[in-house]
Each structure stands twice: as structure tokens, then as C-alpha cells.
$ cat coords-v9.csv   # CSV, C-alpha atoms
chain,number,residue,atom,x,y,z
A,11,MET,CA,0.2,23.0,-5.4
A,12,ALA,CA,1.2,20.4,-2.8
A,13,ALA,CA,-1.5,19.7,-0.2
A,14,ILE,CA,1.1,17.5,1.7
A,15,SER,CA,4.8,18.2,1.5
A,16,VAL,CA,7.3,15.9,3.3
A,17,ARG,CA,11.1,16.5,3.3
A,18,GLY,CA,13.7,14.4,5.1
A,19,LEU,CA,11.3,12.9,7.5
A,20,THR,CA,13.0,10.6,10.0
A,21,LYS,CA,11.6,8.8,13.0
A,22,ARG,CA,13.3,6.2,15.3
A,23,PHE,CA,11.9,4.0,18.1
A,24,GLY,CA,15.0,2.9,20.1
A,25,ASP,CA,17.2,0.9,17.7
A,26,ILE,CA,14.4,0.7,15.0
A,27,THR,CA,14.4,3.4,12.3
A,28,ALA,CA,10.8,3.6,11.2
A,29,LEU,CA,11.3,6.4,8.7
A,30,SER,CA,14.6,7.3,7.1
A,31,SER,CA,14.8,10.7,5.3
A,32,VAL,CA,11.5,10.3,3.6
A,33,ASP,CA,10.5,12.7,0.8
A,34,PHE,CA,7.1,12.9,-1.0
A,35,GLU,CA,4.4,15.2,-2.0
A,36,VAL,CA,0.6,14.9,-2.5
A,37,ARG,CA,-0.9,17.4,-4.9
A,38,GLU,CA,-4.2,19.1,-4.3
A,39,GLY,CA,-7.2,16.9,-5.2
A,40,GLU,CA,-5.0,13.8,-5.7
A,41,ILE,CA,-5.2,10.4,-4.2
A,42,LEU,CA,-1.7,9.2,-3.3
A,43,GLY,CA,-1.2,5.7,-2.2
A,44,LEU,CA,1.5,4.9,0.3
A,45,LEU,CA,2.0,1.2,-0.6
A,46,GLY,CA,4.1,-1.1,1.5
A,47,PRO,CA,4.0,-4.2,3.8
A,48,ASN,CA,2.9,-3.9,7.4
A,49,GLY,CA,5.7,-2.4,9.4
A,50,ALA,CA,7.2,-0.5,6.4
A,51,GLY,CA,6.6,2.9,8.1
A,52,LYS,CA,3.2,3.9,6.6
A,53,THR,CA,1.4,4.4,9.9
A,54,THR,CA,4.3,6.2,11.5
A,55,ALA,CA,4.3,8.7,8.6
A,56,VAL,CA,0.6,9.2,8.9
A,57,ARG,CA,0.8,9.7,12.7
A,58,ILE,CA,3.4,12.4,12.2
A,59,LEU,CA,1.3,14.1,9.5
A,60,VAL,CA,-1.9,14.1,11.6
A,61,THR,CA,0.2,15.5,14.6
A,62,GLN,CA,-0.1,12.4,16.8
A,63,ALA,CA,3.7,12.0,16.8
A,64,ARG,CA,6.7,14.2,16.3
A,65,PRO,CA,9.5,13.5,13.8
A,66,ASP,CA,13.1,13.3,15.0
A,67,SER,CA,14.2,15.3,12.0
A,68,GLY,CA,12.8,16.7,8.8
A,69,GLN,CA,9.8,18.8,7.9
A,70,ALA,CA,6.2,18.2,6.9
A,71,GLN,CA,3.4,20.5,5.9
A,72,VAL,CA,-0.2,19.7,5.5
A,73,ALA,CA,-2.6,22.2,3.8
A,74,GLY,CA,0.1,24.8,4.2
A,75,ALA,CA,0.6,24.4,7.9
A,76,ASP,CA,3.7,22.9,9.6
A,77,VAL,CA,2.8,19.8,11.6
A,78,VAL,CA,5.2,20.6,14.4
A,79,LYS,CA,4.9,24.4,14.5
A,80,ASN,CA,1.2,24.7,13.9
A,81,PRO,CA,-0.5,21.4,14.8
A,82,THR,CA,-3.8,23.0,15.7
A,83,GLU,CA,-4.2,24.4,12.2
A,84,VAL,CA,-3.3,21.0,10.7
A,85,ARG,CA,-6.0,19.3,12.8
A,86,ARG,CA,-8.6,21.8,11.8
A,87,ARG,CA,-8.1,21.1,8.1
A,88,ILE,CA,-7.7,17.3,8.0
A,89,GLY,CA,-9.8,14.2,8.4
A,90,TYR,CA,-8.3,11.0,9.7
A,91,VAL,CA,-9.6,7.4,9.6
A,92,PRO,CA,-7.3,5.0,11.4
A,93,GLN,CA,-6.8,1.3,10.9
A,94,GLU,CA,-8.8,0.5,14.0
A,95,ILE,CA,-12.6,0.8,14.1
A,96,THR,CA,-13.3,3.7,16.5
A,97,VAL,CA,-17.1,4.1,16.6
A,98,ASP,CA,-18.8,4.0,20.0
A,99,ARG,CA,-20.8,0.8,20.1
A,100,TYR,CA,-23.5,2.4,22.2
A,101,LEU,CA,-24.2,5.4,19.9
A,102,THR,CA,-26.2,5.3,16.7
A,103,ALA,CA,-24.7,6.5,13.5
A,104,ARG,CA,-26.6,9.8,13.7
A,105,GLU,CA,-25.4,10.3,17.3
A,106,GLN,CA,-21.8,9.5,16.4
A,107,LEU,CA,-21.9,12.0,13.5
A,108,SER,CA,-23.5,14.6,15.8
A,109,LEU,CA,-20.7,14.1,18.3
A,110,PHE,CA,-18.0,14.7,15.7
A,111,ALA,CA,-19.9,17.7,14.3
A,112,ASP,CA,-19.8,19.1,17.8
A,113,LEU,CA,-16.0,18.4,18.2
A,114,TYR,CA,-15.4,20.3,14.9
A,115,HIS,CA,-17.6,23.2,15.9
A,116,ILE,CA,-20.0,22.8,12.9
A,117,PRO,CA,-22.9,25.3,13.3
A,118,ARG,CA,-26.0,23.6,14.7
A,119,GLN,CA,-28.2,24.8,11.9
A,120,ARG,CA,-25.9,23.0,9.4
A,121,ARG,CA,-25.6,19.7,11.2
A,122,PRO,CA,-28.8,17.9,10.3
A,123,ARG,CA,-28.3,18.4,6.6
A,124,ARG,CA,-24.6,17.5,6.7
A,125,ILE,CA,-25.3,14.3,8.7
A,126,ASP,CA,-28.0,13.3,6.3
A,127,GLU,CA,-25.6,13.8,3.4
A,128,LEU,CA,-23.0,11.6,4.9
A,129,LEU,CA,-25.4,8.9,5.9
A,130,SER,CA,-26.5,8.8,2.2
A,131,LEU,CA,-22.9,8.9,1.0
A,132,VAL,CA,-21.9,5.7,2.9
A,133,GLY,CA,-25.3,4.0,2.6
A,134,LEU,CA,-26.3,3.9,6.3
A,135,GLU,CA,-29.6,5.7,6.1
A,136,ALA,CA,-31.6,2.6,7.1
A,137,MET,CA,-29.4,2.0,10.2
A,138,ALA,CA,-28.9,5.7,11.2
A,139,ASP,CA,-30.9,5.4,14.4
A,140,LYS,CA,-29.8,1.9,15.6
A,141,PRO,CA,-26.8,1.5,18.0
A,142,SER,CA,-23.6,0.7,16.2
A,143,ARG,CA,-23.1,-2.5,18.2
A,144,ASN,CA,-25.6,-4.0,15.8
A,145,TYR,CA,-23.5,-3.0,12.8
A,146,SER,CA,-21.3,-5.3,10.7
A,147,GLY,CA,-17.6,-4.6,10.5
A,148,GLY,CA,-18.1,-3.1,7.1
A,149,MET,CA,-20.8,-0.8,8.3
A,150,LYS,CA,-18.6,0.4,11.2
A,151,LYS,CA,-15.8,1.2,8.8
A,152,LYS,CA,-18.3,3.2,6.6
A,153,LEU,CA,-19.3,5.1,9.7
A,154,ASP,CA,-15.7,5.8,10.6
A,155,LEU,CA,-15.2,7.2,7.1
A,156,ALA,CA,-18.3,9.4,7.5
A,157,CYS,CA,-16.9,10.7,10.8
A,158,GLY,CA,-13.7,11.6,9.1
A,159,LEU,CA,-15.6,13.6,6.5
A,160,ILE,CA,-18.1,15.4,8.7
A,161,HIS,CA,-16.2,18.8,8.7
A,162,GLU,CA,-15.4,18.7,5.0
A,163,PRO,CA,-11.7,18.4,5.3
A,164,GLU,CA,-9.3,19.6,2.7
A,165,VAL,CA,-7.0,16.6,3.3
A,166,LEU,CA,-8.1,13.1,4.3
A,167,PHE,CA,-5.8,10.4,5.7
A,168,LEU,CA,-6.9,6.8,5.4
A,169,ASP,CA,-4.9,4.1,7.1
A,170,GLU,CA,-5.7,0.7,5.7
A,171,PRO,CA,-9.4,1.6,5.1
A,172,SER,CA,-10.4,-1.8,3.8
A,173,LEU,CA,-8.4,-4.0,6.1
A,174,GLY,CA,-10.2,-7.1,7.1
A,175,LEU,CA,-13.3,-6.4,5.0
A,176,ASP,CA,-14.9,-8.9,2.6
A,177,VAL,CA,-14.8,-8.2,-1.1
A,178,PRO,CA,-18.2,-6.6,-1.6
A,179,VAL,CA,-17.7,-4.2,1.3
A,180,ARG,CA,-14.2,-3.4,0.2
A,181,ARG,CA,-15.5,-2.4,-3.2
A,182,ALA,CA,-18.2,-0.2,-1.6
A,183,ILE,CA,-15.6,1.6,0.4
A,184,TRP,CA,-13.5,2.0,-2.7
A,185,ASP,CA,-16.5,3.6,-4.4
A,186,HIS,CA,-16.8,6.1,-1.6
A,187,ILE,CA,-13.1,7.0,-1.7
A,188,GLU,CA,-13.2,7.5,-5.5
A,189,SER,CA,-16.2,9.8,-5.1
A,190,LEU,CA,-14.0,12.1,-2.9
A,191,ARG,CA,-11.7,12.8,-5.9
A,192,GLY,CA,-14.7,14.5,-7.6
A,193,ARG,CA,-15.3,16.6,-4.5
A,194,GLY,CA,-11.7,17.9,-4.6
A,195,VAL,CA,-10.6,16.2,-1.4
A,196,THR,CA,-6.9,15.3,-1.3
A,197,VAL,CA,-6.4,11.8,0.0
A,198,LEU,CA,-3.3,10.0,1.4
A,199,LEU,CA,-4.2,6.3,1.4
A,200,CYS,CA,-2.0,3.8,3.3
A,201,THR,CA,-2.5,0.3,2.0
A,202,ASN,CA,-0.8,-3.1,1.6
A,203,TYR,CA,-3.4,-4.2,-1.0
A,204,MET,CA,-2.0,-4.0,-4.6
A,205,ASP,CA,-5.4,-4.0,-6.2
A,206,GLU,CA,-6.6,-1.2,-3.9
A,207,ALA,CA,-3.6,1.0,-4.9
A,208,ASP,CA,-4.0,0.2,-8.5
A,209,ARG,CA,-7.7,1.1,-8.7
A,210,LEU,CA,-7.8,4.2,-6.4
A,211,CYS,CA,-4.5,6.0,-6.6
A,212,ASP,CA,-3.4,8.7,-9.1
A,213,ARG,CA,0.1,8.0,-7.9
A,214,VAL,CA,1.7,5.4,-5.7
A,215,ALA,CA,4.8,5.8,-3.4
A,216,ILE,CA,6.3,2.5,-2.5
A,217,ILE,CA,7.7,2.4,1.0
A,218,ASP,CA,9.9,-0.4,2.4
A,219,GLN,CA,11.9,-0.5,5.6
A,220,GLY,CA,11.2,3.2,6.2
A,221,LYS,CA,12.3,4.4,2.8
A,222,ILE,CA,10.5,5.5,-0.4
A,223,VAL,CA,11.9,3.4,-3.1
A,224,ALA,CA,9.8,4.5,-6.1
A,225,ALA,CA,6.9,6.9,-6.8
A,226,ASP,CA,4.8,7.5,-9.9
A,227,SER,CA,1.4,6.6,-11.4
A,228,PRO,CA,0.6,2.8,-11.2
A,229,ALA,CA,0.7,2.7,-15.0
A,230,ALA,CA,4.1,4.4,-15.2
A,231,LEU,CA,5.6,2.1,-12.6
A,232,ARG,CA,4.4,-0.9,-14.5
A,233,ALA,CA,5.6,0.5,-17.8
A,234,GLY,CA,9.0,1.0,-16.3
A,235,LEU,CA,9.5,-2.7,-16.0
A,236,GLY,CA,8.9,-3.5,-19.7
A,237,GLY,CA,6.0,-4.8,-21.7
A,238,ASP,CA,5.6,-8.3,-20.1
A,239,VAL,CA,7.0,-10.6,-17.5
A,240,VAL,CA,8.1,-14.1,-18.1
A,241,THR,CA,8.6,-16.1,-14.9
A,242,VAL,CA,10.5,-19.4,-14.9
A,243,GLU,CA,11.5,-21.9,-12.2
A,244,PRO,CA,14.3,-24.4,-12.7
A,245,ASP,CA,13.5,-28.0,-11.6
A,246,GLY,CA,16.7,-28.1,-9.4
A,247,VAL,CA,18.6,-30.7,-11.5
A,248,ALA,CA,22.0,-29.4,-12.6
A,249,PRO,CA,23.4,-30.2,-16.1
A,250,ALA,CA,26.4,-32.5,-16.4
A,251,GLY,CA,29.6,-30.9,-15.2
A,252,MET,CA,27.7,-28.5,-12.8
A,253,ARG,CA,27.7,-29.4,-9.1
A,254,ALA,CA,26.1,-27.7,-6.2
A,255,GLU,CA,28.3,-27.6,-3.2
A,256,GLY,CA,28.0,-30.8,-1.2
A,257,ALA,CA,25.3,-32.2,-3.5
A,258,ARG,CA,25.5,-35.9,-4.3
A,259,SER,CA,23.3,-37.9,-6.7
A,260,ALA,CA,21.7,-41.0,-5.4
A,261,GLU,CA,23.3,-43.0,-8.3
A,262,GLY,CA,26.7,-41.2,-8.3
A,263,ASN,CA,26.4,-40.3,-11.9
A,264,ALA,CA,26.9,-37.0,-13.8
A,265,LYS,CA,23.6,-35.5,-12.7
A,266,ALA,CA,23.4,-34.1,-9.2
A,267,GLU,CA,20.7,-32.3,-7.4
A,268,ALA,CA,21.4,-28.6,-7.3
A,269,PRO,CA,19.4,-25.8,-5.6
A,270,ALA,CA,16.9,-24.2,-8.0
A,271,GLU,CA,18.2,-20.9,-6.7
A,272,LEU,CA,21.6,-21.6,-8.1
A,273,LEU,CA,20.2,-22.5,-11.5
A,274,ALA,CA,18.0,-19.4,-11.5
A,275,ALA,CA,21.1,-17.3,-10.8
A,276,ARG,CA,23.0,-19.0,-13.7
A,277,LEU,CA,20.1,-18.5,-16.1
A,278,GLU,CA,19.7,-14.9,-15.0
A,279,ALA,CA,23.4,-14.2,-15.9
A,280,ILE,CA,22.8,-15.7,-19.3
A,281,LEU,CA,19.6,-13.8,-20.0
A,282,ASP,CA,20.8,-10.4,-18.8
A,283,ARG,CA,23.2,-10.3,-21.8
A,284,LEU,CA,20.4,-10.8,-24.3
A,285,PRO,CA,19.0,-7.7,-26.1
A,286,PHE,CA,15.3,-8.5,-25.7
A,287,VAL,CA,15.6,-8.7,-21.9
A,288,ARG,CA,15.0,-5.3,-20.2
A,289,GLY,CA,15.8,-6.6,-16.7
A,290,THR,CA,15.5,-9.5,-14.3
A,291,ALA,CA,14.7,-10.2,-10.6
A,292,ARG,CA,15.0,-13.3,-8.6
A,293,GLU,CA,12.5,-14.5,-6.0
A,294,GLY,CA,13.9,-17.6,-4.4
A,295,PRO,CA,13.9,-20.3,-7.1
A,296,ARG,CA,11.8,-18.2,-9.5
A,297,LEU,CA,13.3,-15.8,-12.0
A,298,HIS,CA,11.2,-12.9,-13.3
A,299,ILE,CA,12.3,-11.7,-16.8
A,300,TYR,CA,11.1,-8.3,-18.0
A,301,VAL,CA,10.7,-8.3,-21.8
A,302,HIS,CA,9.2,-6.2,-24.5
A,303,THR,CA,6.6,-8.8,-25.6
A,304,ASN,CA,6.3,-12.3,-24.2
A,305,GLU,CA,5.1,-13.6,-27.6
A,306,THR,CA,8.6,-13.3,-29.1
A,307,ALA,CA,10.6,-13.5,-25.9
A,308,LEU,CA,9.2,-16.7,-24.4
A,309,PRO,CA,10.6,-19.0,-27.1
A,310,ARG,CA,14.0,-17.4,-26.8
A,311,VAL,CA,14.0,-17.8,-23.0
A,312,LEU,CA,13.2,-21.5,-23.4
A,313,GLU,CA,16.0,-21.8,-26.0
A,314,ALA,CA,18.5,-20.1,-23.7
A,315,ALA,CA,17.6,-22.4,-20.8
A,316,SER,CA,17.8,-25.5,-23.1
A,317,ALA,CA,21.2,-24.4,-24.4
A,318,ALA,CA,22.5,-24.1,-20.9
A,319,GLY,CA,21.1,-27.5,-20.0
A,320,ILE,CA,18.7,-26.1,-17.5
A,321,SER,CA,15.3,-27.8,-17.4
A,322,LEU,CA,12.4,-25.8,-16.1
A,323,ARG,CA,9.7,-26.9,-13.7
A,324,ALA,CA,7.3,-24.0,-14.4
A,325,VAL,CA,6.9,-21.2,-17.0
A,326,ALA,CA,4.4,-18.4,-16.9
A,327,TYR,CA,3.9,-15.0,-18.4
A,328,SER,CA,1.8,-12.0,-17.4
A,329,ARG,CA,1.5,-8.2,-17.6
A,330,PRO,CA,3.6,-6.6,-14.8
A,331,GLY,CA,1.6,-5.6,-11.7
A,332,LEU,CA,2.5,-3.5,-8.6
A,333,ASP,CA,3.8,-6.7,-6.9
A,334,GLU,CA,6.4,-7.0,-9.7
A,335,VAL,CA,7.3,-3.3,-9.2
A,336,PHE,CA,7.8,-3.9,-5.5
A,337,LEU,CA,10.1,-6.9,-6.2
A,338,LYS,CA,12.0,-4.9,-8.8
A,339,TYR,CA,12.7,-1.9,-6.5
A,340,THR,CA,13.2,-3.8,-3.2
A,341,GLY,CA,14.8,-7.1,-4.3
A,342,ARG,CA,12.2,-9.1,-2.4
A,343,ALA,CA,8.6,-10.2,-2.9
A,344,PHE,CA,5.8,-8.4,-1.1
A,345,ALA,CA,4.8,-11.6,0.7
A,346,GLU,CA,8.4,-12.1,1.9
A,347,ALA,CA,8.5,-8.5,3.2
A,348,GLN,CA,5.2,-9.0,5.0
A,349,ALA,CA,6.6,-12.2,6.7
A,350,GLU,CA,9.8,-10.4,7.7
A,351,GLU,CA,7.9,-7.6,9.3
A,352,LEU,CA,5.6,-10.0,11.1
A,353,VAL,CA,8.6,-11.6,12.7
A,354,ARG,CA,9.8,-8.2,13.7
A,355,THR,CA,6.6,-7.1,15.3
A,356,SER,CA,6.0,-10.4,17.0
A,357,ALA,CA,9.4,-9.8,18.7
A,358,GLY,CA,7.9,-6.5,20.1
A,359,GLN,CA,9.7,-4.2,17.7
A,360,GLU,CA,6.8,-2.4,16.1
A,361,ARG,CA,7.1,0.5,13.7
$ encode --input "coords-v9.csv" --output "C-alpha cells"
Amino acid sequence: MAAISVRGLTKRFGDITALSSVDFEVREGEILGLLGPNGAGKTTAVRILVTQARPDSGQAQVAGADVVKNPTEVRRRIGYVPQEITVDRYLTAREQLSLFADLYHIPRQRRPRRIDELLSLVGLEAMADKPSRNYSGGMKKKLDLACGLIHEPEVLFLDEPSLGLDVPVRRAIWDHIESLRGRGVTVLLCTNYMDEADRLCDRVAIIDQGKIVAADSPAALRAGLGGDVVTVEPDGVAPAGMRAEGARSAEGNAKAEAPAELLAARLEAILDRLPFVRGTAREGPRLHIYVHTNETALPRVLEAASAAGISLRAVAYSRPGLDEVFLKYTGRAFAEAQAEELVRTSAGQER
């Protein structure tokens, strides 16, 4: 059964469409990653699902309750850990957890044991009775996670849970999230970290510019691209007879400087016709070529480039990752998407 069901969810802020007819489901006991750059619409989706915002259209149910028609029931059955650290710096971890236990009406006789369980789960026993102003950022994030779990929610929403944390703390947080799967908790994880989505999530829904562009297990998404990825970058020098518009050589001879992007496009057109190529995607001057196996494909790619008179500045091959999946389905690199959304938000147009 679906613990979270979203159908046609749309949300606008003025002229900005943050979500556009979004559909997805999260099964009971599953960790689903909502993967996308900052500003893609992840936080807007979560705010609607935790009843902090209302959609303009569409429907959403969490744990069987409609987020618009029955928000109180939704809140009773979910946990939510936002991007921002929310712990009270003047309270100890034990006091903070006691406060949340009170807010969720946990019987007083159960509270001490439940608080001790959570302090042990997130590794804060030694600091349990010290004010959280003395905690590191990672410790505060662990306490936020414990607060979101105090009432044993059926569904947990995590919005960028490891944002800004160093590698050891990130991995500790990941261990805690993975342990929730064994406890039967359904998790919706918003992230812009490829490695986080790859390690933690049973399935990943890739969101870009307010739309879900692909959804499946990380392994299936990678497999859909082909066996391997060969990446080449032309050196920008056109073969004889080929001129970039307005380009002139310093010597006025047959070789003229041409944009590497133009040469990548020409090579893409050649390779797309070859049977060993399963697909291609361009990222500026770089051309990503999806092939069955790079061991046999790489020599043939080099032969095709040589026959076309296109010299290459760089050649690499790898197994496809989620960054390659993002590029394939959106037509732009993840870093490029992040930069575009940064410009958008710096102009005051936040999603």
C-alpha cells in the first residue's frame, strides 16, 4: 500500500510554478528519495505533505489521510525534520525530547524509556544533560532527527538531512536513517546529494523545475542508460573545410578555431547512427556516450572521431551514476541546474 500518494500536485508563487502536476507514491516501509537541485520544488512538495502549505490543485494523502481535508490526522501520524536546525540552544537534549513528547501527548510513564531509546539511537547519551548550545552542528542535526521520531511516526519527512555536515557525521546520520527501514518507518528523503540518494533510497524520483522526470530504483535508473559511459571533449580545432561562424585562424590557413560545442554536436550526430551506442547527451563541450561496454566501444568512438577529423582533448569512461541519469532526463548537468536555481533565488524568486 502507498503511505504517501500524490496526484497532479501543483503550486505557484506568483509567476513561479514550483510544482507542476506532480505524481508519485511512496510505499509503506520504503525510503523514497526526492532528488533534485536546490529550487527544484522538493521543499515545496514536503511543505504541502506536512500540511504547512496548501496546493493550488491536485491531491495528496499521507498515511491514508488527505493533507487538505484532514491535516490534523496527517500531523498526528508523521515526523518532520526540516533543513534548518530547530533545536532550542538553551535546552538539553533530554529537555528538548521531553518537550516534543509533551507536544505529541506521549503518556508520562512512557517518556523516560522512549527518550533514552532515542538518545542511544543517535548517540547523544553522553551529552543528554548539557545545553545544546554546546553541541556541534552534527549533534544538533542528530537531536532534530530524534525529535522527529519521538512519537514513533508512521511516515518521516527528511528535508536535506545531511546538508552542511562533514563526511563522518553525514555517514552517521545515514546509518540512523537506514536503521529506520528495519523499524518499518516510511521515509521521504529530499536531497541534492547523489551519493546520499544512491546509498539510502529504495527508489528515487528525480525532480527538476517542478516536474518529476524519472522514478525508479537507483540501479534501474543507471541500467536504463546502458552499460558504461564514454565521455569525450573535442579540442576545439575544426578539420579542414569546416568553419565555425566568424572564426578565423591566426595564420589564415585551412585550420580554424571552432567551438568545442559545435564539434561535440557533429560527433554526436555521427555516433548516434552506430549500433553500439545506446544514447548520447551533451554537456557544453563534453559529449557523454552511453554504450554496452566501454572495452569494445572506446576504440570505435576514437576511430569515428578520427575519421571525422575531430581531435579530442580528453577521453574518460565510467559506470553511469545518478548524475548521468539527471543529465539524460533533463538535458543539463546537475551542477548547471544548481547554478541556474541559485541565480533564480538570488533574484528573490524562491521556490
$ closest_residue --input "coords-v9.csv" --among "A:Thr96, A:Thr290, A:Ser108, A:Thr20" --to "Arg123 (chain A)" --atoms "only C-alpha atoms"
A:Ser108
$ atom_distance --input "coords-v9.csv" --atom1 "CA of Gln71 (chain A)" --atom2 "CA of Glu35 (chain A)"
9.6 Å
$ residues_around --input "coords-v9.csv" --residues "Asp333 (chain A)" --least-positions-apart "6" --cutoff "12 Å" --atoms "all atoms listed in the file" --output "PDB file with C-alpha atoms, in the coordinates of the input"
ATOM      1  CA  LEU A  45       2.000   1.200  -0.600  1.00  0.00           C
ATOM      2  CA  GLY A  46       4.100  -1.100   1.500  1.00  0.00           C
ATOM      3  CA  PRO A  47       4.000  -4.200   3.800  1.00  0.00           C
ATOM      4  CA  ASN A 202      -0.800  -3.100   1.600  1.00  0.00           C
ATOM      5  CA  TYR A 203      -3.400  -4.200  -1.000  1.00  0.00           C
ATOM      6  CA  MET A 204      -2.000  -4.000  -4.600  1.00  0.00           C
ATOM      7  CA  ASP A 205      -5.400  -4.000  -6.200  1.00  0.00           C
ATOM      8  CA  ALA A 207      -3.600   1.000  -4.900  1.00  0.00           C
ATOM      9  CA  ASP A 208      -4.000   0.200  -8.500  1.00  0.00           C
ATOM     10  CA  ILE A 216       6.300   2.500  -2.500  1.00  0.00           C
ATOM     11  CA  PRO A 228       0.600   2.800 -11.200  1.00  0.00           C
ATOM     12  CA  LEU A 231       5.600   2.100 -12.600  1.00  0.00           C
ATOM     13  CA  ARG A 232       4.400  -0.900 -14.500  1.00  0.00           C
ATOM     14  CA  LEU A 235       9.500  -2.700 -16.000  1.00  0.00           C
ATOM     15  CA  VAL A 239       7.000 -10.600 -17.500  1.00  0.00           C
ATOM     16  CA  GLU A 293      12.500 -14.500  -6.000  1.00  0.00           C
ATOM     17  CA  HIS A 298      11.200 -12.900 -13.300  1.00  0.00           C
ATOM     18  CA  TYR A 339      12.700  -1.900  -6.500  1.00  0.00           C
ATOM     19  CA  THR A 340      13.200  -3.800  -3.200  1.00  0.00           C
ATOM     20  CA  GLY A 341      14.800  -7.100  -4.300  1.00  0.00           C
ATOM     21  CA  ARG A 342      12.200  -9.100  -2.400  1.00  0.00           C
ATOM     22  CA  ALA A 343       8.600 -10.200  -2.900  1.00  0.00           C
ATOM     23  CA  PHE A 344       5.800  -8.400  -1.100  1.00  0.00           C
ATOM     24  CA  ALA A 345       4.800 -11.600   0.700  1.00  0.00           C
ATOM     25  CA  GLU A 346       8.400 -12.100   1.900  1.00  0.00           C
ATOM     26  CA  ALA A 347       8.500  -8.500   3.200  1.00  0.00           C
TER      27      ALA A 347
END
$ atom_distance --input "coords-v9.csv" --atom1 "CA of Leu128 (chain A)" --atom2 "CA of Ala111 (chain A)"
11.6 Å
$ residues_around --input "coords-v9.csv" --residues "Val214 (chain A)" --least-positions-apart "6" --cutoff "6 Å" --atoms "all atoms listed in the file" --output "CSV table (one decimal) with C-alpha atoms, keeping the file's coordinate frame"
chain,number,residue,atom,x,y,z
A,42,LEU,CA,-1.7,9.2,-3.3
A,43,GLY,CA,-1.2,5.7,-2.2
A,225,ALA,CA,6.9,6.9,-6.8
A,226,ASP,CA,4.8,7.5,-9.9
A,227,SER,CA,1.4,6.6,-11.4
$ closest_residue --input "coords-v9.csv" --among "A:Arg87, A:Val32, A:Leu101, A:Glu40" --to "Ser67 (chain A)" --atoms "only C-alpha atoms"
A:Val32
$ atom_distance --input "coords-v9.csv" --atom1 "CA of Arg283 (chain A)" --atom2 "CA of Ala314 (chain A)"
11.0 Å
$ residues_around --input "coords-v9.csv" --residues "Arg22 (chain A)" --least-positions-apart "6" --cutoff "9 Å" --atoms "only C-alpha atoms" --output "ChimeraX atom specification"
/A:28-30,65-66,361
$ residues_near_point --input "coords-v9.csv" --point "(-11.0, 20.6, 5.3)" --cutoff "8 Å" --atoms "only C-alpha atoms" --output "MDAnalysis selection string"
chainID A and resid 86:89 161:165
$ write_last_selection --input "coords-v9.csv" --atoms "C-alpha atoms" --output "mmCIF file, keeping the file's coordinate frame"
data_model
loop_
_atom_site.group_PDB
_atom_site.id
_atom_site.type_symbol
_atom_site.label_atom_id
_atom_site.label_comp_id
_atom_site.auth_asym_id
_atom_site.auth_seq_id
_atom_site.Cartn_x
_atom_site.Cartn_y
_atom_site.Cartn_z
ATOM 1 C CA ARG A 86 -8.600 21.800 11.800
ATOM 2 C CA ARG A 87 -8.100 21.100 8.100
ATOM 3 C CA ILE A 88 -7.700 17.300 8.000
ATOM 4 C CA GLY A 89 -9.800 14.200 8.400
ATOM 5 C CA HIS A 161 -16.200 18.800 8.700
ATOM 6 C CA GLU A 162 -15.400 18.700 5.000
ATOM 7 C CA PRO A 163 -11.700 18.400 5.300
ATOM 8 C CA GLU A 164 -9.300 19.600 2.700
ATOM 9 C CA VAL A 165 -7.000 16.600 3.300
#
